[in-house]
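Pasted below: data_8.cif, mmCIF, C-alpha atoms and all ligand atoms.
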data_work
#
loop_
_atom_site.label_atom_id
_atom_site.label_comp_id
_atom_site.auth_asym_id
_atom_site.auth_seq_id
_atom_site.Cartn_x
_atom_site.Cartn_y
_atom_site.Cartn_z
CA MET A 19 0.00 0.00 0.00
CA ARG A 20 1.41 3.39 -1.03
CA LEU A 21 -0.31 6.35 0.54
CA ILE A 22 -0.04 10.09 0.89
CA LEU A 23 -1.55 11.94 3.84
CA LEU A 24 -2.40 15.46 2.84
CA GLY A 25 -3.60 18.33 5.03
CA PRO A 26 -2.62 21.63 6.63
CA PRO A 27 -0.24 21.90 9.59
CA GLY A 28 -2.05 20.62 12.67
CA ALA A 29 -4.49 18.44 10.68
CA GLY A 30 -3.27 15.27 12.35
CA LYS A 31 -1.19 13.77 9.53
CA GLY A 32 1.57 12.63 11.88
CA THR A 33 -0.83 11.04 14.37
CA GLN A 34 -2.82 9.18 11.73
CA SER A 35 0.17 8.08 9.66
CA GLN A 36 1.80 6.54 12.72
CA ILE A 37 -1.35 4.56 13.50
CA ILE A 38 -1.83 3.33 9.92
CA ALA A 39 1.88 2.58 9.48
CA GLU A 40 1.79 0.33 12.51
CA ARG A 41 -1.40 -1.38 11.43
CA LEU A 42 -0.18 -2.06 7.90
CA GLY A 43 3.42 -2.81 8.89
CA ILE A 44 4.85 -0.28 6.46
CA PRO A 45 7.05 2.73 7.24
CA GLN A 46 5.81 6.28 7.82
CA LEU A 47 8.00 8.69 5.89
CA SER A 48 7.77 12.16 7.40
CA THR A 49 9.95 14.72 5.63
CA GLY A 50 9.43 17.08 8.58
CA GLU A 51 10.86 14.48 11.00
CA MET A 52 13.72 13.60 8.64
CA LEU A 53 14.59 17.29 8.25
CA ARG A 54 14.42 17.89 12.03
CA ALA A 55 16.79 14.91 12.50
CA ALA A 56 19.15 16.43 9.90
CA VAL A 57 19.05 19.80 11.69
CA LYS A 58 19.79 18.11 15.02
CA ALA A 59 22.67 16.11 13.54
CA GLY A 60 24.07 19.21 11.83
CA THR A 61 24.34 17.51 8.41
CA PRO A 62 24.77 19.71 5.27
CA ILE A 63 21.03 19.31 4.56
CA GLY A 64 20.24 20.22 8.16
CA LEU A 65 22.37 23.36 7.98
CA LYS A 66 20.56 24.38 4.81
CA ALA A 67 17.10 23.67 6.23
CA LYS A 68 17.43 25.03 9.77
CA GLU A 69 16.58 28.72 9.26
CA ILE A 70 13.92 28.04 6.63
CA MET A 71 12.14 25.57 8.90
CA SER A 72 12.18 27.66 12.04
CA ALA A 73 10.67 30.56 10.09
CA GLY A 74 7.94 28.23 8.77
CA GLY A 75 9.01 28.32 5.10
CA LEU A 76 9.38 25.41 2.70
CA VAL A 77 12.74 23.72 2.16
CA PRO A 78 13.75 23.67 -1.56
CA ASP A 79 12.05 20.96 -3.65
CA GLU A 80 15.31 19.33 -4.77
CA VAL A 81 16.35 18.81 -1.14
CA VAL A 82 13.18 16.99 -0.07
CA VAL A 83 12.85 15.10 -3.36
CA GLY A 84 16.43 13.84 -2.84
CA ILE A 85 15.63 12.72 0.71
CA ILE A 86 12.49 10.85 -0.40
CA ALA A 87 14.19 9.25 -3.43
CA ASP A 88 16.87 7.80 -1.12
CA ARG A 89 14.36 6.71 1.47
CA ILE A 90 11.92 4.87 -0.79
CA ALA A 91 14.83 2.95 -2.30
CA GLN A 92 15.39 1.29 1.10
CA PRO A 93 14.30 -2.35 1.45
CA ASP A 94 11.68 -1.61 4.14
CA CYS A 95 9.71 0.43 1.59
CA ALA A 96 9.35 -2.50 -0.82
CA ARG A 97 5.88 -3.42 0.53
CA GLY A 98 4.69 0.18 0.62
CA PHE A 99 4.93 3.39 2.63
CA ILE A 100 2.98 6.33 3.97
CA LEU A 101 4.14 9.77 2.94
CA ASP A 102 3.48 12.37 5.64
CA GLY A 103 4.34 15.95 4.69
CA PHE A 104 5.50 15.09 1.19
CA PRO A 105 4.74 16.16 -1.53
CA ARG A 106 4.05 19.74 -0.48
CA THR A 107 4.31 21.48 -3.85
CA LEU A 108 3.22 20.62 -7.41
CA PRO A 109 6.85 20.15 -8.57
CA GLN A 110 7.37 17.70 -5.67
CA ALA A 111 4.24 15.80 -6.75
CA ALA A 112 5.52 15.65 -10.35
CA ALA A 113 8.93 14.46 -9.14
CA LEU A 114 7.27 11.75 -7.03
CA ASP A 115 5.24 10.58 -10.03
CA ALA A 116 8.38 10.34 -12.15
CA LEU A 117 10.25 8.53 -9.39
CA MET A 118 7.48 5.98 -8.85
CA ARG A 119 6.95 5.46 -12.58
CA SER A 120 10.67 4.70 -12.97
CA LYS A 121 10.30 2.00 -10.32
CA GLY A 122 7.12 0.60 -11.86
CA ILE A 123 5.05 1.42 -8.76
CA ALA A 124 2.02 3.66 -8.20
CA LEU A 125 0.13 5.42 -5.44
CA ASP A 126 -2.99 3.74 -4.06
CA HIS A 127 -4.68 6.65 -2.25
CA VAL A 128 -4.15 10.26 -1.32
CA ILE A 129 -5.99 10.81 1.96
CA GLU A 130 -6.93 14.42 2.55
CA LEU A 131 -7.55 15.35 6.18
CA LYS A 132 -10.10 18.14 5.97
CA VAL A 133 -10.12 20.55 8.91
CA ASP A 134 -11.50 24.04 9.50
CA ASP A 135 -8.84 26.74 9.27
CA THR A 136 -9.96 28.26 12.54
CA ILE A 137 -9.07 25.18 14.59
CA LEU A 138 -5.50 24.82 13.30
CA VAL A 139 -3.97 27.62 15.35
CA SER A 140 -5.47 26.34 18.59
CA ARG A 141 -4.43 22.74 17.83
CA ILE A 142 -0.83 23.81 17.34
CA GLU A 143 -0.88 25.96 20.48
CA THR A 144 -2.22 22.96 22.41
CA ARG A 145 0.51 20.72 20.98
CA ALA A 146 3.17 23.22 22.12
CA LYS A 147 1.64 23.43 25.62
CA GLU A 148 1.38 19.64 25.95
CA THR A 149 4.99 19.20 24.84
CA LEU A 150 6.15 21.73 27.44
CA ALA A 151 4.03 20.11 30.17
CA ALA A 152 5.59 16.73 29.33
CA GLY A 153 9.04 18.26 29.74
CA GLY A 154 9.79 18.18 26.00
CA THR A 155 11.17 20.83 23.67
CA VAL A 156 8.65 22.77 21.60
CA ARG A 157 9.33 22.71 17.86
CA ALA A 158 11.09 25.84 16.64
CA ASP A 159 8.22 26.45 14.21
CA ASP A 160 5.37 25.98 16.69
CA ASN A 161 4.91 29.68 17.43
CA ALA A 162 2.38 32.22 16.14
CA GLU A 163 4.69 33.95 13.64
CA ALA A 164 6.07 30.76 12.03
CA LEU A 165 2.61 29.24 12.01
CA LYS A 166 1.30 32.12 9.94
CA THR A 167 4.06 31.47 7.40
CA ARG A 168 3.37 27.71 7.46
CA LEU A 169 -0.33 28.26 6.81
CA MET A 170 0.43 30.67 3.95
CA ALA A 171 2.86 28.15 2.47
CA TYR A 172 0.16 25.51 2.79
CA TYR A 173 -2.54 27.53 1.02
CA ARG A 174 -0.22 28.78 -1.69
CA GLU A 175 1.86 25.68 -2.42
CA THR A 176 0.22 22.57 -0.96
CA ALA A 177 -3.55 23.09 -1.22
CA PRO A 178 -3.39 22.90 -5.08
CA LEU A 179 -2.31 19.26 -4.68
CA THR A 180 -5.89 18.29 -3.87
CA GLY A 181 -6.86 19.33 -7.40
CA TYR A 182 -3.87 17.49 -8.83
CA TYR A 183 -4.74 14.22 -7.10
CA PHE A 184 -8.45 14.63 -7.75
CA ALA A 185 -7.59 14.78 -11.43
CA HIS A 186 -5.56 11.58 -10.99
CA HIS A 187 -8.57 9.85 -9.33
CA LEU A 188 -6.60 9.34 -6.14
CA LEU A 189 -8.12 11.86 -3.73
CA ARG A 190 -10.00 10.48 -0.70
CA PRO A 191 -11.30 13.26 1.57
CA VAL A 192 -11.74 12.39 5.24
CA ASP A 193 -13.28 14.49 8.04
CA GLY A 194 -10.26 15.52 10.13
CA MET A 195 -12.47 17.33 12.66
CA ALA A 196 -13.66 14.04 14.17
CA ALA A 197 -11.99 12.33 17.16
CA ILE A 198 -8.68 10.55 16.52
CA ASP A 199 -10.16 7.01 16.37
CA ALA A 200 -13.09 8.18 14.26
CA VAL A 201 -10.62 9.63 11.75
CA THR A 202 -8.65 6.38 11.83
CA SER A 203 -11.75 4.33 11.10
CA GLN A 204 -12.68 6.58 8.17
CA ILE A 205 -9.18 6.00 6.79
CA ASN A 206 -9.55 2.23 7.35
CA THR A 207 -12.76 2.33 5.34
CA VAL A 208 -10.90 3.96 2.46
CA LEU A 209 -8.09 1.40 2.68
CA THR A 210 -10.49 -1.53 2.61
CA GLY A 211 -12.17 -0.19 -0.49
CA GLY A 212 -15.28 1.36 1.06
CA GLY A 213 -14.32 5.03 0.74
CA ARG A 214 -16.20 7.59 -1.25
CA GLY A 215 -13.13 8.46 -3.27
CA ASN A 216 -13.11 10.01 -6.68
CA GLY A 217 -11.72 7.01 -8.49
P1 LIG B 301 3.63 20.47 9.79
O1 LIG B 301 2.90 19.63 8.80
O2 LIG B 301 3.12 20.30 11.17
O3 LIG B 301 3.73 21.91 9.38
P2 LIG B 301 6.16 19.01 9.29
O4 LIG B 301 6.80 18.34 10.45
O5 LIG B 301 5.55 18.15 8.26
O6 LIG B 301 5.14 20.05 9.91
O7 LIG B 301 7.23 19.98 8.57
C1 LIG B 301 7.96 20.96 9.28
C2 LIG B 301 8.76 21.85 8.32
O8 LIG B 301 9.68 21.04 7.56
C3 LIG B 301 7.94 22.57 7.25
O9 LIG B 301 7.34 23.75 7.73
C4 LIG B 301 9.03 22.82 6.20
O10 LIG B 301 9.88 23.87 6.56
C5 LIG B 301 9.84 21.54 6.23
N1 LIG B 301 9.30 20.52 5.27
C6 LIG B 301 8.78 19.31 5.59
N2 LIG B 301 8.40 18.64 4.50
C7 LIG B 301 8.67 19.46 3.44
C8 LIG B 301 8.48 19.36 2.04
N3 LIG B 301 7.93 18.26 1.49
N4 LIG B 301 8.87 20.40 1.26
C9 LIG B 301 9.43 21.49 1.79
N5 LIG B 301 9.64 21.67 3.11
C10 LIG B 301 9.26 20.66 3.94
#

In C-alpha cells, how does this file's structure come out?
Ligand code: ADP
Amino acid sequence: MRLILLGPPGAGKGTQSQIIAERLGIPQLSTGEMLRAAVKAGTPIGLKAKEIMSAGGLVPDEVVVGIIADRIAQPDCARGFILDGFPRTLPQAAALDALMRSKGIALDHVIELKVDDTILVSRIETRAKETLAAGGTVRADDNAEALKTRLMAYYRETAPLTGYYFAHHLLRPVDGMAAIDAVTSQINTVLTGGGRGNG
C-alpha cells in the first residue's frame, strides 16, 4: 500500500500516519521528521534547512525530493509506505510521479484530512503546551509567527495538490475534525475499499 496523507499543519497527519503505518506494517516517511533529525545532527542538509524551517518556510524541492528518493529505495519500503508531509508542492508531486513510474510502482490513495482553518492555530498551540508540560522541547516552528508562514505556504503551495490528485482519481477526503479514532476508522474504510473516493 502506497499512501499520501495530505492536510494543513495541525491536521493530524503525523498522528494518523503513525497509526496506519503500525497497522499495515509499512514505514511512515515524514519529511518534517527527517529534516528535524538532519538539523539536530548538523548535516549539510540540516544546515541548509534550519533557518527556513524555524521561520515556517518550505525547504527547496530538490532537497526533499532527494531525501524521499533515497528513502523509498530502502528495502523496508518494498511493501509500501505512507508519505506524511510530502509532496508539499506541485513540482514535488511531479517528481514523485516520475520517481514511482521509474520504479514501476504507483500510489494507491491520497488521503486528505479536511479541517476548518480556525481550529488549526489552537491545535498547534495545544501541541506546544502539551509538549512543554511533558518536559519536552517545543518545535522551533510551533509559534504564532512561524505558524502564519506555514499556513500561507500551505494555502499557496500545498492546497493545489488536492486538485492534482483529484484529477488523478486518487483523492480520498476524510473528516479531520472528528476524534482521533473516528478519523482512523474513516481512513480504514478507504483502505479496505469502502471510501467515497473520486476514483
Ligand atoms: P507540519 O505539517 O506540522 O507543518 P512538518 O513536520 O511536516 O510540519 O514539517 C515541518 C517543516 O519542515 C515545514 O514547515 C518545512 O519547513 C519543512 N518541510 C517538511 N516537508 C517538506 C516538504 N515536502 N517540502 C518542503 N519543506 C518541507

List as a Markdown table every residue of chain A that is in contact with ligand LIG 301 (chain B), defined as an atom at most 10 Å from one of its atoms (using only C-alpha atoms and all ligand atoms), together with the nearest atom pair and the distance in Å rounded to one decimal, sorted by chain and then rising number.
| residue | atom | partner | partner_atom | distance |
| --- | --- | --- | --- | --- |
| A:Leu24 | CA | B:LIG301 | O1 | 9.0 |
| A:Gly25 | CA | B:LIG301 | O1 | 7.6 |
| A:Pro26 | CA | B:LIG301 | O1 | 6.3 |
| A:Pro27 | CA | B:LIG301 | O1 | 4.0 |
| A:Gly28 | CA | B:LIG301 | O2 | 5.4 |
| A:Ala29 | CA | B:LIG301 | O1 | 7.7 |
| A:Gly30 | CA | B:LIG301 | O2 | 8.2 |
| A:Lys31 | CA | B:LIG301 | O1 | 7.2 |
| A:Gly32 | CA | B:LIG301 | O5 | 7.7 |
| A:Ser48 | CA | B:LIG301 | O5 | 6.4 |
| A:Thr49 | CA | B:LIG301 | N2 | 4.4 |
| A:Gly50 | CA | B:LIG301 | O4 | 3.5 |
| A:Glu51 | CA | B:LIG301 | O4 | 5.6 |
| A:Met52 | CA | B:LIG301 | C6 | 8.1 |
| A:Leu53 | CA | B:LIG301 | O8 | 6.2 |
| A:Arg54 | CA | B:LIG301 | O8 | 7.2 |
| A:Ala67 | CA | B:LIG301 | O10 | 7.2 |
| A:Lys68 | CA | B:LIG301 | O10 | 8.3 |
| A:Glu69 | CA | B:LIG301 | O10 | 8.7 |
| A:Ile70 | CA | B:LIG301 | O10 | 5.8 |
| A:Met71 | CA | B:LIG301 | O10 | 3.7 |
| A:Ser72 | CA | B:LIG301 | O10 | 7.0 |
| A:Ala73 | CA | B:LIG301 | O10 | 7.6 |
| A:Gly74 | CA | B:LIG301 | O9 | 4.6 |
| A:Gly75 | CA | B:LIG301 | O10 | 4.8 |
| A:Leu76 | CA | B:LIG301 | N5 | 3.8 |
| A:Val77 | CA | B:LIG301 | N5 | 3.8 |
| A:Pro78 | CA | B:LIG301 | C9 | 5.9 |
| A:Asp79 | CA | B:LIG301 | N4 | 5.9 |
| A:Glu80 | CA | B:LIG301 | N4 | 8.9 |
| A:Val81 | CA | B:LIG301 | C9 | 8.0 |
| A:Val82 | CA | B:LIG301 | N3 | 5.6 |
| A:Val83 | CA | B:LIG301 | N3 | 7.6 |
| A:Ile85 | CA | B:LIG301 | N3 | 9.5 |
| A:Ile86 | CA | B:LIG301 | N3 | 8.9 |
| A:Leu101 | CA | B:LIG301 | N3 | 9.4 |
| A:Asp102 | CA | B:LIG301 | O5 | 6.7 |
| A:Gly103 | CA | B:LIG301 | O5 | 4.4 |
| A:Phe104 | CA | B:LIG301 | N3 | 4.0 |
| A:Pro105 | CA | B:LIG301 | N3 | 4.9 |
| A:Arg106 | CA | B:LIG301 | N3 | 4.6 |
| A:Thr107 | CA | B:LIG301 | N4 | 6.9 |
| A:Gln110 | CA | B:LIG301 | N3 | 7.2 |
| A:Ala111 | CA | B:LIG301 | N3 | 9.4 |
| A:Leu138 | CA | B:LIG301 | O2 | 10.0 |
| A:Ile142 | CA | B:LIG301 | O2 | 8.1 |
| A:Arg157 | CA | B:LIG301 | C1 | 8.9 |
| A:Ala158 | CA | B:LIG301 | C1 | 9.4 |
| A:Asp159 | CA | B:LIG301 | O9 | 7.1 |
| A:Asp160 | CA | B:LIG301 | O2 | 8.2 |
| A:Ala164 | CA | B:LIG301 | O9 | 8.3 |
| A:Leu165 | CA | B:LIG301 | O3 | 7.9 |
| A:Thr167 | CA | B:LIG301 | O9 | 8.4 |
| A:Arg168 | CA | B:LIG301 | O9 | 5.6 |
| A:Leu169 | CA | B:LIG301 | O3 | 8.0 |
| A:Ala171 | CA | B:LIG301 | O9 | 8.2 |
| A:Tyr172 | CA | B:LIG301 | O3 | 8.3 |
| A:Glu175 | CA | B:LIG301 | N4 | 9.5 |
| A:Thr176 | CA | B:LIG301 | N3 | 9.2 |

Original post:
In Å, how far is it from atom CA of Ala39 of chain A to atom CA of Leu21 of chain A?
Top reply: 9.9 Å

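Here the question is which of A:Ala116, A:Leu108, A:Lys121, A:Val156 gets nearest to Leu179 of chain A using only C-alpha atoms, and that residue is A:Leu108.
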
**OP:** Extract, using only C-alpha atoms, all DNA, RNA and protein residues at most 12 Å from Thr210 of chain A, discarding same-chain residues fewer than 6 positions from it, and format them as number ranges by chain.
**Re:** A: 19, 42, 126-127, 203-204

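Among A:Val57, A:Ala91, A:Gln34, A:Ala124, the residue with the shortest atom-to-atom distance to Ile205 of chain A, counting all atoms listed in the file, is A:Gln34.
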
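Coordinates place atom CA of Ala55 of chain A at a distance of 22.4 Å from atom CA of Ala151 of chain A.
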
Original post:
What is the atom CA of Ala185 of chain A to atom CA of Val133 of chain A distance in Å?
Top reply: 21.3 Å

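Closest approach to Phe99 of chain A among A:Val201, A:Leu114, A:Leu209, A:Ile38: A:Ile38, based on all atoms listed in the file.
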
Please export segment 163-177 of chain A as a tab-separated table (two decimals), in the first residue's frame, restricted to all heavy atoms.
chain	number	residue	atom	x	y	z
A	163	GLU	N	4.13	33.32	14.85
A	163	GLU	CA	4.69	33.95	13.64
A	163	GLU	C	5.00	32.89	12.57
A	163	GLU	O	4.60	33.01	11.42
A	163	GLU	CB	5.96	34.72	14.03
A	163	GLU	CG	6.40	35.76	13.05
A	163	GLU	CD	5.27	36.72	12.64
A	163	GLU	OE1	4.45	37.12	13.50
A	163	GLU	OE2	5.21	37.04	11.45
A	164	ALA	N	5.72	31.81	12.99
A	164	ALA	CA	6.07	30.76	12.03
A	164	ALA	C	4.81	30.05	11.54
A	164	ALA	O	4.73	29.64	10.37
A	164	ALA	CB	7.03	29.76	12.67
A	165	LEU	N	3.84	29.93	12.40
A	165	LEU	CA	2.61	29.24	12.01
A	165	LEU	C	1.89	29.99	10.89
A	165	LEU	O	1.37	29.39	9.95
A	165	LEU	CB	1.69	29.07	13.22
A	165	LEU	CG	0.38	28.36	12.91
A	165	LEU	CD1	0.64	26.97	12.33
A	165	LEU	CD2	-0.47	28.25	14.16
A	166	LYS	N	1.92	31.31	10.98
A	166	LYS	CA	1.30	32.12	9.94
A	166	LYS	C	1.98	31.81	8.59
A	166	LYS	O	1.33	31.60	7.59
A	166	LYS	CB	1.47	33.60	10.30
A	166	LYS	CG	0.33	34.47	9.80
A	166	LYS	CD	0.61	35.96	9.92
A	166	LYS	CE	0.66	36.50	11.32
A	166	LYS	NZ	1.20	37.88	11.37
A	167	THR	N	3.30	31.77	8.63
A	167	THR	CA	4.06	31.47	7.40
A	167	THR	C	3.76	30.06	6.91
A	167	THR	O	3.60	29.82	5.71
A	167	THR	CB	5.58	31.63	7.68
A	167	THR	OG1	5.78	32.87	8.32
A	167	THR	CG2	6.38	31.57	6.38
A	168	ARG	N	3.66	29.10	7.86
A	168	ARG	CA	3.37	27.71	7.46
A	168	ARG	C	2.00	27.61	6.81
A	168	ARG	O	1.82	26.89	5.82
A	168	ARG	CB	3.44	26.78	8.69
A	168	ARG	CG	4.88	26.46	9.08
A	168	ARG	CD	4.97	26.05	10.53
A	168	ARG	NE	4.34	24.77	10.80
A	168	ARG	CZ	4.03	24.35	12.02
A	168	ARG	NH1	4.28	25.11	13.07
A	168	ARG	NH2	3.47	23.18	12.18
A	169	LEU	N	1.02	28.32	7.39
A	169	LEU	CA	-0.33	28.26	6.81
A	169	LEU	C	-0.34	28.90	5.42
A	169	LEU	O	-0.94	28.37	4.48
A	169	LEU	CB	-1.33	28.97	7.72
A	169	LEU	CG	-1.78	28.15	8.93
A	169	LEU	CD1	-2.63	28.99	9.87
A	169	LEU	CD2	-2.57	26.92	8.49
A	170	MET	N	0.36	30.02	5.27
A	170	MET	CA	0.43	30.67	3.95
A	170	MET	C	1.08	29.74	2.94
A	170	MET	O	0.63	29.60	1.81
A	170	MET	CB	1.24	31.98	4.02
A	170	MET	CG	0.57	33.11	4.77
A	170	MET	SD	-1.06	33.48	4.12
A	170	MET	CE	-0.58	34.22	2.57
A	171	ALA	N	2.17	29.08	3.36
A	171	ALA	CA	2.86	28.15	2.47
A	171	ALA	C	1.90	27.02	2.09
A	171	ALA	O	1.85	26.59	0.93
A	171	ALA	CB	4.11	27.58	3.14
A	172	TYR	N	1.11	26.59	3.07
A	172	TYR	CA	0.16	25.51	2.79
A	172	TYR	C	-0.85	25.95	1.74
A	172	TYR	O	-1.06	25.26	0.74
A	172	TYR	CB	-0.57	25.05	4.07
A	172	TYR	CG	-1.61	24.03	3.75
A	172	TYR	CD1	-1.23	22.70	3.49
A	172	TYR	CD2	-2.94	24.37	3.59
A	172	TYR	CE1	-2.16	21.76	3.11
A	172	TYR	CE2	-3.88	23.43	3.21
A	172	TYR	CZ	-3.48	22.13	2.97
A	172	TYR	OH	-4.40	21.20	2.57
A	173	TYR	N	-1.49	27.10	1.95
A	173	TYR	CA	-2.54	27.53	1.02
A	173	TYR	C	-1.98	27.83	-0.36
A	173	TYR	O	-2.59	27.51	-1.37
A	173	TYR	CB	-3.32	28.72	1.59
A	173	TYR	CG	-4.12	28.30	2.80
A	173	TYR	CD1	-3.89	28.84	4.05
A	173	TYR	CD2	-5.08	27.29	2.69
A	173	TYR	CE1	-4.60	28.41	5.16
A	173	TYR	CE2	-5.79	26.86	3.80
A	173	TYR	CZ	-5.55	27.42	5.02
A	173	TYR	OH	-6.25	26.97	6.10
A	174	ARG	N	-0.78	28.41	-0.39
A	174	ARG	CA	-0.22	28.78	-1.69
A	174	ARG	C	0.34	27.58	-2.44
A	174	ARG	O	0.09	27.41	-3.63
A	174	ARG	CB	0.89	29.82	-1.47
A	174	ARG	CG	1.31	30.51	-2.74
A	174	ARG	CD	2.33	31.62	-2.50
A	174	ARG	NE	2.02	32.45	-1.37
A	174	ARG	CZ	2.87	32.71	-0.36
A	174	ARG	NH1	4.06	32.17	-0.34
A	174	ARG	NH2	2.53	33.49	0.62
A	175	GLU	N	1.10	26.73	-1.73
A	175	GLU	CA	1.86	25.68	-2.42
A	175	GLU	C	1.23	24.28	-2.34
A	175	GLU	O	1.33	23.51	-3.29
A	175	GLU	CB	3.28	25.57	-1.82
A	175	GLU	CG	4.04	26.86	-1.76
A	175	GLU	CD	4.74	27.18	-3.07
A	175	GLU	OE1	4.63	26.40	-4.03
A	175	GLU	OE2	5.39	28.25	-3.11
A	176	THR	N	0.64	23.96	-1.19
A	176	THR	CA	0.22	22.57	-0.96
A	176	THR	C	-1.24	22.33	-1.30
A	176	THR	O	-1.58	21.28	-1.87
A	176	THR	CB	0.53	22.15	0.50
A	176	THR	OG1	1.87	22.52	0.83
A	176	THR	CG2	0.37	20.65	0.68
A	177	ALA	N	-2.12	23.30	-0.97
A	177	ALA	CA	-3.55	23.09	-1.22
A	177	ALA	C	-3.85	22.72	-2.70
A	177	ALA	O	-4.72	21.89	-2.94
A	177	ALA	CB	-4.35	24.32	-0.77
